[in-house]
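Here's upload36.tsv, which has TSV, C-alpha atoms:
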chain	number	residue	atom	x	y	z
A	1	MET	CA	60.79	-106.11	-148.07
A	2	TRP	CA	62.57	-104.42	-145.21
A	3	LEU	CA	64.26	-102.08	-147.65
A	4	TYR	CA	60.90	-100.98	-149.10
A	5	LEU	CA	59.50	-100.51	-145.60
A	6	ALA	CA	62.47	-98.38	-144.57
A	7	ALA	CA	62.09	-96.26	-147.73
A	8	LEU	CA	58.37	-95.81	-147.00
A	9	LEU	CA	59.00	-94.73	-143.40
A	10	LEU	CA	61.72	-92.34	-144.50
A	11	GLY	CA	59.42	-90.84	-147.12
A	12	LEU	CA	56.64	-90.39	-144.56
A	13	TYR	CA	59.08	-88.72	-142.18
A	14	PHE	CA	60.16	-86.13	-144.76
A	15	LEU	CA	56.56	-85.60	-145.88
A	16	ARG	CA	55.50	-84.87	-142.30
A	17	ARG	CA	58.48	-82.57	-141.83
A	18	TRP	CA	57.69	-80.73	-145.06
A	19	TYR	CA	54.07	-80.22	-143.94
A	20	ARG	CA	55.00	-79.00	-140.44
A	21	GLU	CA	57.59	-76.54	-141.70
A	22	ARG	CA	55.03	-74.87	-143.98
A	23	GLN	CA	52.50	-74.11	-141.26
A	24	THR	CA	52.55	-70.38	-140.65
A	25	VAL	CA	51.77	-68.39	-137.51
A	26	GLU	CA	48.48	-66.48	-137.60
A	27	ASN	CA	48.01	-62.71	-137.29
A	28	LEU	CA	51.54	-61.84	-138.38
A	29	THR	CA	50.54	-58.27	-139.19
A	30	GLU	CA	49.88	-57.67	-135.50
A	31	LYS	CA	53.26	-58.94	-134.33
A	32	TYR	CA	56.32	-56.86	-133.45
A	33	VAL	CA	59.84	-57.92	-134.41
A	34	PHE	CA	62.98	-56.18	-133.15
A	35	ILE	CA	66.10	-56.60	-135.32
A	36	THR	CA	69.62	-55.43	-134.48
A	37	GLY	CA	72.28	-54.50	-137.03
A	38	CYS	CA	69.95	-53.12	-139.71
A	39	ASP	CA	72.37	-50.67	-141.34
A	40	SER	CA	73.32	-53.20	-144.01
A	41	GLY	CA	73.58	-56.89	-144.82
A	42	PHE	CA	71.23	-59.52	-143.46
A	43	GLY	CA	69.53	-57.23	-140.92
A	44	ASN	CA	68.72	-54.57	-143.48
A	45	LEU	CA	67.37	-57.10	-145.97
A	46	LEU	CA	65.28	-58.91	-143.34
A	47	ALA	CA	63.79	-55.64	-142.03
A	48	ARG	CA	62.70	-54.61	-145.51
A	49	HIS	CA	61.26	-58.03	-146.32
A	50	LEU	CA	59.30	-58.39	-143.09
A	51	ASP	CA	57.97	-54.88	-143.51
A	52	ALA	CA	56.74	-55.82	-146.99
A	53	ARG	CA	54.92	-58.79	-145.45
A	54	GLY	CA	53.11	-56.44	-143.09
A	55	LEU	CA	54.86	-57.22	-139.80
A	56	ARG	CA	55.57	-54.40	-137.36
A	57	VAL	CA	59.32	-54.09	-137.65
A	58	LEU	CA	61.41	-52.29	-135.04
A	59	ALA	CA	64.81	-51.86	-136.64
A	60	ALA	CA	67.93	-50.95	-134.69
A	61	CYS	CA	70.78	-49.30	-136.59
A	62	LEU	CA	74.23	-48.27	-135.41
A	63	THR	CA	74.26	-45.02	-137.40
A	64	GLN	CA	71.75	-42.28	-138.10
A	65	GLN	CA	72.54	-42.56	-141.80
A	66	GLY	CA	71.66	-46.26	-141.78
A	67	ALA	CA	68.38	-45.56	-140.00
A	68	GLU	CA	67.41	-42.81	-142.43
A	69	GLN	CA	68.18	-44.89	-145.50
A	70	LEU	CA	66.18	-47.85	-144.18
A	71	GLY	CA	63.27	-45.58	-143.33
A	72	LYS	CA	63.17	-44.23	-146.88
A	73	ALA	CA	63.12	-47.75	-148.34
A	74	THR	CA	60.26	-49.06	-146.19
A	75	SER	CA	56.69	-48.27	-145.17
A	76	GLU	CA	55.51	-46.09	-142.31
A	77	ARG	CA	54.97	-49.22	-140.20
A	78	LEU	CA	58.71	-49.77	-139.82
A	79	GLN	CA	60.27	-47.76	-137.01
A	80	THR	CA	63.97	-47.25	-136.39
A	81	THR	CA	66.15	-46.51	-133.40
A	82	LEU	CA	69.87	-46.18	-132.80
A	83	LEU	CA	71.63	-48.96	-130.92
A	84	ASP	CA	75.22	-49.70	-129.96
A	85	VAL	CA	75.09	-53.22	-128.55
A	86	THR	CA	78.43	-52.72	-126.78
A	87	SER	CA	76.88	-50.01	-124.55
A	88	THR	CA	74.55	-51.17	-121.79
A	89	GLU	CA	73.11	-47.65	-121.59
A	90	SER	CA	72.26	-47.78	-125.31
A	91	VAL	CA	70.76	-51.26	-124.94
A	92	ALA	CA	68.63	-50.16	-121.97
A	93	ALA	CA	67.37	-47.13	-123.90
A	94	ALA	CA	66.49	-49.30	-126.91
A	95	ALA	CA	64.67	-51.77	-124.65
A	96	ALA	CA	62.61	-48.95	-123.14
A	97	TRP	CA	61.83	-47.72	-126.67
A	98	VAL	CA	60.64	-51.18	-127.69
A	99	LYS	CA	58.51	-51.54	-124.57
A	100	GLU	CA	56.72	-48.28	-125.33
A	101	ARG	CA	55.74	-49.60	-128.74
A	102	VAL	CA	54.77	-53.20	-128.02
A	103	GLY	CA	52.90	-52.51	-124.79
A	104	ASN	CA	51.03	-55.46	-123.35
A	105	LYS	CA	51.28	-57.42	-126.62
A	106	GLY	CA	54.89	-58.19	-125.90
A	107	LEU	CA	57.64	-58.72	-128.48
A	108	TRP	CA	57.01	-61.59	-130.88
A	109	GLY	CA	60.48	-61.70	-132.40
A	110	LEU	CA	63.97	-60.73	-131.27
A	111	VAL	CA	66.58	-61.09	-134.01
A	112	ASN	CA	70.12	-60.69	-132.72
A	113	ASN	CA	71.83	-59.95	-136.02
A	114	ALA	CA	74.41	-57.24	-135.20
A	115	GLY	CA	77.96	-58.47	-135.67
A	116	ILE	CA	81.48	-57.73	-136.83
A	117	GLY	CA	84.17	-60.02	-138.22
A	118	VAL	CA	87.52	-58.31	-137.99
A	119	PRO	CA	90.30	-58.38	-137.04
A	120	VAL	CA	91.06	-61.83	-138.44
A	121	ALA	CA	94.65	-63.08	-138.15
A	122	PRO	CA	96.74	-65.80	-136.53
A	123	ASN	CA	96.11	-65.59	-132.80
A	124	GLU	CA	99.72	-64.72	-131.94
A	125	TRP	CA	99.47	-61.56	-134.02
A	126	LEU	CA	96.57	-60.24	-131.96
A	127	THR	CA	96.04	-58.65	-128.55
A	128	LYS	CA	93.39	-59.12	-125.90
A	129	ASP	CA	91.73	-55.91	-127.12
A	130	ASP	CA	91.44	-57.38	-130.63
A	131	PHE	CA	89.51	-60.33	-129.24
A	132	GLN	CA	87.41	-58.18	-126.93
A	133	LYS	CA	86.37	-55.86	-129.78
A	134	ILE	CA	84.59	-58.74	-131.52
A	135	LEU	CA	83.31	-60.49	-128.38
A	136	ASP	CA	81.71	-57.25	-127.14
A	137	VAL	CA	79.56	-57.08	-130.27
A	138	ASN	CA	78.96	-60.65	-131.38
A	139	LEU	CA	78.55	-62.34	-128.01
A	140	LEU	CA	78.32	-60.01	-125.00
A	141	GLY	CA	76.24	-57.48	-126.93
A	142	MET	CA	73.88	-60.23	-128.03
A	143	ILE	CA	73.53	-61.46	-124.46
A	144	ASP	CA	72.91	-57.93	-123.15
A	145	VAL	CA	70.19	-57.23	-125.73
A	146	THR	CA	68.54	-60.58	-125.03
A	147	LEU	CA	68.48	-60.10	-121.27
A	148	HIS	CA	66.94	-56.63	-121.60
A	149	LEU	CA	64.17	-57.79	-123.95
A	150	LEU	CA	63.48	-61.31	-122.73
A	151	SER	CA	60.52	-60.44	-120.51
A	152	MET	CA	58.75	-58.90	-123.52
A	153	VAL	CA	59.43	-61.99	-125.64
A	154	LYS	CA	58.09	-64.23	-122.87
A	155	ARG	CA	54.92	-62.14	-122.68
A	156	ALA	CA	54.27	-62.78	-126.37
A	157	ARG	CA	55.43	-66.42	-126.17
A	158	GLY	CA	57.56	-65.44	-129.13
A	159	ARG	CA	60.86	-66.18	-130.82
A	160	VAL	CA	64.55	-65.44	-130.36
A	161	VAL	CA	66.67	-65.76	-133.50
A	162	ASN	CA	70.43	-65.57	-132.98
A	163	MET	CA	72.93	-65.05	-135.76
A	164	SER	CA	75.77	-67.49	-135.43
A	165	SER	CA	77.89	-68.88	-138.25
A	166	ILE	CA	79.04	-72.20	-139.59
A	167	LEU	CA	82.34	-71.05	-138.07
A	168	GLY	CA	80.65	-71.56	-134.72
A	169	ARG	CA	81.12	-75.26	-135.49
A	170	LEU	CA	84.51	-75.19	-137.20
A	171	SER	CA	87.21	-72.63	-136.40
A	172	ILE	CA	89.18	-72.04	-139.59
A	173	PHE	CA	91.09	-68.88	-138.68
A	174	GLY	CA	92.32	-67.03	-135.62
A	175	GLY	CA	90.84	-64.04	-133.84
A	176	GLY	CA	87.64	-63.41	-131.95
A	177	TYR	CA	85.10	-64.16	-134.67
A	178	CYS	CA	85.04	-67.95	-134.39
A	179	VAL	CA	85.39	-67.71	-130.61
A	180	SER	CA	82.35	-65.43	-130.45
A	181	LYS	CA	80.24	-67.70	-132.64
A	182	TYR	CA	81.06	-70.76	-130.54
A	183	GLY	CA	79.79	-68.68	-127.62
A	184	VAL	CA	76.61	-67.79	-129.47
A	185	GLU	CA	75.95	-71.49	-130.00
A	186	ALA	CA	76.36	-72.25	-126.30
A	187	PHE	CA	74.27	-69.30	-125.12
A	188	SER	CA	71.48	-70.08	-127.58
A	189	ASP	CA	71.34	-73.77	-126.66
A	190	SER	CA	71.02	-73.06	-122.95
A	191	LEU	CA	68.50	-70.28	-123.59
A	192	ARG	CA	66.35	-72.56	-125.74
A	193	ARG	CA	66.10	-75.20	-123.03
A	194	GLU	CA	65.34	-72.62	-120.32
A	195	LEU	CA	62.57	-70.89	-122.28
A	196	ARG	CA	60.84	-73.96	-123.63
A	197	SER	CA	58.42	-74.11	-120.70
A	198	PHE	CA	57.46	-70.46	-121.37
A	199	GLY	CA	56.45	-71.19	-124.95
A	200	VAL	CA	59.42	-69.27	-126.38
A	201	LYS	CA	61.40	-70.84	-129.22
A	202	VAL	CA	65.05	-70.10	-129.93
A	203	SER	CA	66.65	-70.63	-133.34
A	204	ILE	CA	70.26	-70.37	-134.46
A	205	ILE	CA	71.26	-69.23	-137.95
A	206	GLU	CA	74.57	-70.74	-139.12
A	207	PRO	CA	75.34	-69.33	-142.58
A	208	GLY	CA	78.22	-70.49	-144.70
A	209	ALA	CA	80.21	-67.88	-146.63
A	210	PHE	CA	78.09	-64.97	-147.87
A	211	MET	CA	79.16	-61.71	-149.44
A	212	THR	CA	78.75	-59.22	-146.60
A	213	LYS	CA	81.06	-56.56	-145.18
A	214	ILE	CA	82.36	-59.16	-142.73
A	215	ALA	CA	83.63	-61.34	-145.58
A	216	GLN	CA	84.99	-58.39	-147.55
A	217	ASN	CA	87.02	-56.71	-144.78
A	218	GLY	CA	89.18	-59.66	-143.72
A	219	VAL	CA	92.09	-59.15	-146.12
A	220	LYS	CA	92.17	-55.38	-145.55
A	221	THR	CA	92.64	-55.71	-141.82
A	222	LEU	CA	95.10	-58.61	-142.08
A	223	GLN	CA	97.67	-56.29	-143.64
A	224	ALA	CA	97.27	-53.87	-140.73
A	225	MET	CA	97.77	-56.69	-138.23
A	226	TRP	CA	100.89	-57.91	-140.07
A	227	SER	CA	102.42	-54.44	-140.17
A	228	ARG	CA	102.24	-54.02	-136.39
A	229	VAL	CA	103.50	-57.51	-135.45
A	230	PRO	CA	106.80	-57.36	-133.49
A	231	ALA	CA	109.86	-58.12	-135.60
A	232	GLU	CA	110.62	-61.36	-133.74
A	233	ILE	CA	107.15	-62.79	-134.42
A	234	LYS	CA	107.15	-61.54	-138.01
A	235	GLU	CA	110.48	-63.23	-138.64
A	236	SER	CA	109.28	-66.54	-137.19
A	237	TYR	CA	106.26	-66.62	-139.55
A	238	GLY	CA	107.89	-65.08	-142.61
A	239	GLN	CA	106.44	-63.31	-145.63
A	240	PRO	CA	105.36	-66.54	-147.42
A	241	PHE	CA	103.13	-67.46	-144.46
A	242	PHE	CA	101.50	-64.02	-144.52
A	243	GLU	CA	100.89	-64.22	-148.26
A	244	ALA	CA	99.38	-67.71	-148.00
A	245	TYR	CA	97.13	-66.63	-145.12
A	246	ALA	CA	96.00	-63.55	-147.04
A	247	GLN	CA	95.28	-65.68	-150.10
A	248	GLY	CA	93.17	-68.03	-147.97
A	249	LEU	CA	91.06	-65.12	-146.73
A	250	GLN	CA	90.78	-63.79	-150.27
A	251	ASP	CA	89.58	-67.17	-151.51
A	252	PHE	CA	87.04	-67.36	-148.68
A	253	ALA	CA	85.65	-63.95	-149.66
A	254	SER	CA	85.67	-64.59	-153.41
A	255	GLN	CA	83.80	-67.87	-153.02
A	256	SER	CA	81.11	-66.28	-150.87
A	257	SER	CA	77.54	-66.39	-152.13
A	258	SER	CA	75.88	-63.10	-153.09
A	259	ASP	CA	72.38	-64.49	-152.53
A	260	LEU	CA	71.68	-63.08	-149.08
A	261	TYR	CA	68.06	-64.19	-149.32
A	262	LYS	CA	69.18	-67.74	-148.53
A	263	VAL	CA	69.98	-66.47	-145.04
A	264	THR	CA	67.10	-64.04	-144.53
A	265	ASP	CA	64.61	-66.69	-145.71
A	266	CYS	CA	65.81	-68.88	-142.84
A	267	MET	CA	65.48	-65.99	-140.38
A	268	GLU	CA	61.98	-65.29	-141.67
A	269	HIS	CA	60.99	-68.95	-141.34
A	270	ALA	CA	62.23	-68.98	-137.75
A	271	LEU	CA	59.94	-66.03	-137.01
A	272	THR	CA	56.84	-67.03	-138.96
A	273	SER	CA	56.67	-70.83	-138.92
A	274	CYS	CA	54.59	-72.66	-136.35
A	275	HIS	CA	57.44	-75.17	-136.07
A	276	PRO	CA	60.77	-73.33	-136.48
A	277	CYS	CA	63.99	-75.30	-136.69
A	278	ILE	CA	66.54	-75.27	-133.90
A	279	ARG	CA	69.34	-74.66	-136.41
A	280	TYR	CA	69.38	-73.31	-139.95
A	281	THR	CA	72.49	-73.75	-142.12
A	282	PRO	CA	72.02	-71.74	-145.34
A	283	GLY	CA	74.63	-72.23	-148.03
A	284	TRP	CA	75.77	-75.35	-149.89
A	285	ASP	CA	79.28	-74.94	-148.46
A	286	ALA	CA	77.83	-75.16	-144.96
A	287	ILE	CA	75.86	-78.31	-145.73
A	288	PHE	CA	78.36	-80.26	-147.80
A	289	PHE	CA	81.71	-79.09	-146.41
A	290	TYR	CA	81.75	-77.34	-143.06
A	291	ILE	CA	79.25	-79.54	-141.22
A	292	PRO	CA	80.79	-82.85	-142.34
A	293	VAL	CA	84.30	-81.59	-141.61
A	294	SER	CA	83.27	-80.28	-138.19
For the file at hand, write its structure as structure tokens.
Amino acid sequence: MWLYLAALLLGLYFLRRWYRERQTVENLTEKYVFITGCDSGFGNLLARHLDARGLRVLAACLTQQGAEQLGKATSERLQTTLLDVTSTESVAAAAAWVKERVGNKGLWGLVNNAGIGVPVAPNEWLTKDDFQKILDVNLLGMIDVTLHLLSMVKRARGRVVNMSSILGRLSIFGGGYCVSKYGVEAFSDSLRRELRSFGVKVSIIEPGAFMTKIAQNGVKTLQAMWSRVPAEIKESYGQPFFEAYAQGLQDFASQSSSDLYKVTDCMEHALTSCHPCIRYTPGWDAIFFYIPVS
């Protein structure tokens, strides 16, 4: 009897969760969403998809070429600007640009997507500058953009969606990438608790391995790191270690999923659902390997 009762309660729980997660925010076509890192990858795909749904997308690209290509692939609603998240002056200019467009409506969605993944290598092969290069984009840049736009998000009682990684739970290689994503997790958790009373919801996206430029560039940069390592360190590790490390990165990249929609669907749900999740973990590898191992 107790077993049947437990099964019934569990079924009701998942049914309620399924219902809540499918309730959608009203008047989406009147809402503004600002997305960073729209030159390629997840940001580019999300910008195009939200534009097709009728939302007012404000897309930030690092390069003029990226902005022009995105503009050609989308409607006149979508607007682009240039943004280097490592430059506070650039972030301030982008924030002023956003404020001009959203006005008193405020900013419904802020998607901190911009990120880099290299250099990746054993920590001893790297320098402080190697770590700082990644932290400036993935963590400090994200924080800077958020702080500049937060008042507009609060006005709209909107959403902040931060791109982390499953490697923000489990550090599987050296360098600044995993360090930065652990930082994104911490920043997002504290931000979510602080903004709850203002009606703002914060979600974290923790993808597994997906075929983006981040996954593809790891092996290329590893060779550059190895070539500059001092002879003493190189001798202590040896060529077999380098080859095994490179093979591990190659396997990680080759096993990456090419279905980027699994990630952008989660980002879209975080922006459009009445009850967004705190964390999204797209990818079977994230669900069945990385989370249990972490």
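Residue nearest A:Thr127 within the list A:Arg228, A:Arg196, A:Lys220, A:Arg77: A:Arg228 [criterion: smallest interatomic distance, only C-alpha atoms].
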query = Which distance in Å separates atom CA of A:Gly115 and atom CA of A:Thr221, to one decimal?
reply = 16.2 Å
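The residue that comes closest to A:Gly103, out of A:Ile134, A:Ile143, A:Ala121, A:Ala156 and on the basis of all atoms listed in the file, is A:Ala156.
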Contacts of A:Leu82 at 6 Å or less, counting all atoms listed in the file, minus same-chain residues fewer than 4 places along, as an mmCIF file with C-alpha atoms, keeping the file's coordinate frame?
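Dumped everything to around.cif:
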data_model
loop_
_atom_site.group_PDB
_atom_site.id
_atom_site.type_symbol
_atom_site.label_atom_id
_atom_site.label_comp_id
_atom_site.auth_asym_id
_atom_site.auth_seq_id
_atom_site.Cartn_x
_atom_site.Cartn_y
_atom_site.Cartn_z
ATOM 1 C CA ALA A 60 67.930 -50.950 -134.690
ATOM 2 C CA CYS A 61 70.780 -49.300 -136.590
ATOM 3 C CA LEU A 62 74.230 -48.270 -135.410
#
task = Determine, counting only C-alpha atoms, every residue of protein, DNA or RNA that lies within 9 Å of (74.9, -51.3, -132.9) in the file coordinates, then give the result as a PyMOL selection string.
result = chain A and resi 36-39+60-63+82-87+90-91+114-115+137+141
Written file, previous selection with C-alpha atoms, as a JSON list (two decimals), keeping the file's coordinate frame:
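Writing done, so here's again08.json:
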[["chain", "number", "residue", "atom", "x", "y", "z"],
["A", 36, "THR", "CA", 69.62, -55.43, -134.48],
["A", 37, "GLY", "CA", 72.28, -54.50, -137.03],
["A", 38, "CYS", "CA", 69.95, -53.12, -139.71],
["A", 39, "ASP", "CA", 72.37, -50.67, -141.34],
["A", 60, "ALA", "CA", 67.93, -50.95, -134.69],
["A", 61, "CYS", "CA", 70.78, -49.30, -136.59],
["A", 62, "LEU", "CA", 74.23, -48.27, -135.41],
["A", 63, "THR", "CA", 74.26, -45.02, -137.40],
["A", 82, "LEU", "CA", 69.87, -46.18, -132.80],
["A", 83, "LEU", "CA", 71.63, -48.96, -130.92],
["A", 84, "ASP", "CA", 75.22, -49.70, -129.96],
["A", 85, "VAL", "CA", 75.09, -53.22, -128.55],
["A", 86, "THR", "CA", 78.43, -52.72, -126.78],
["A", 87, "SER", "CA", 76.88, -50.01, -124.55],
["A", 90, "SER", "CA", 72.26, -47.78, -125.31],
["A", 91, "VAL", "CA", 70.76, -51.26, -124.94],
["A", 114, "ALA", "CA", 74.41, -57.24, -135.20],
["A", 115, "GLY", "CA", 77.96, -58.47, -135.67],
["A", 137, "VAL", "CA", 79.56, -57.08, -130.27],
["A", 141, "GLY", "CA", 76.24, -57.48, -126.93]]
key: All residues 6 Å or closer to stretch 33-35 of chain A, only C-alpha atoms, same chain fewer than 4 positions away omitted, as number ranges by chain   = A: 57-60, 108-111
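Closest approach to A:Leu50 among A:Thr88, A:Thr272, A:Ser227, A:Asn138: A:Thr272, based on only C-alpha atoms.
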request  = Give me the residues within 12 Å of A:Ser257 as an MDAnalysis selection string, counting all atoms listed in the file and dropping any in the same chain fewer than 5 places off.
outcome  = chainID A and resid 207:212 215:216 252 262:263 282:286
key: Residue among A:Gly176, A:Val161, A:Ser40, A:Cys274 lying closest to A:Lys128, counting only C-alpha atoms   = A:Gly176
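For the set A:Ala92, A:Thr146, A:Gly175, A:Asp136, the residue with the smallest atom-to-atom gap to A:Val118 is A:Gly175, counting all atoms listed in the file.
You will find atom CA of A:Arg279 at 23.6 Å from atom CA of A:Ala253.
When atom CA of A:Ala73 is paired with atom CA of A:Ser164, their separation reads 26.8 Å.
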message = Show me, as a ChimeraX atom specification, the residues that have an atom within 12 Å of A:Val293 when counting all atoms listed in the file, minus same-chain residues fewer than 3 positions from it.
response = /A:166-167,169-172,285-290
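Minimum atom-to-atom distances from A:Lys31, A:His275, A:His49, A:Arg22 to A:Lys201 were compared using only C-alpha atoms, and the lowest value belongs to A:His275.
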Given 3 Å on each side, where is the centre and what are the edge lengths in Å to one decimal of the axis-aligned box enclosing the listed atoms of stretch 188-206 of chain A, as JSON?
{"center_x": 65.5, "center_y": -72.2, "center_z": -129.7, "size_x": 24.1, "size_y": 12.0, "size_z": 24.8}
inquiry  = I want to know what sits within 9 Å of A:Leu28, based on all atoms listed in the file, with residues of the same chain fewer than 6 positions away left out; could you give that as a PyMOL selection string?
reply    = chain A and resi 53-56+272
Mind writing the picked residues with C-alpha atoms as a short mmCIF file (atom, residue, chain, number, x, y, z; two decimals), in the frame of the given file?
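Okay, this is what ended up in result_20.cif:
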data_model
loop_
_atom_site.label_atom_id
_atom_site.label_comp_id
_atom_site.auth_asym_id
_atom_site.auth_seq_id
_atom_site.Cartn_x
_atom_site.Cartn_y
_atom_site.Cartn_z
CA ARG A 53 54.92 -58.79 -145.45
CA GLY A 54 53.11 -56.44 -143.09
CA LEU A 55 54.86 -57.22 -139.80
CA ARG A 56 55.57 -54.40 -137.36
CA THR A 272 56.84 -67.03 -138.96
#
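The set of protein, DNA and RNA residues with any counted atom at most 7 Å from (101.4, -62.4, -134.8) (all atoms listed in the file) reads A:Pro122, A:Asn123, A:Glu124, A:Trp125, A:Leu126, A:Trp226, A:Val229, A:Ile233, A:Lys234.
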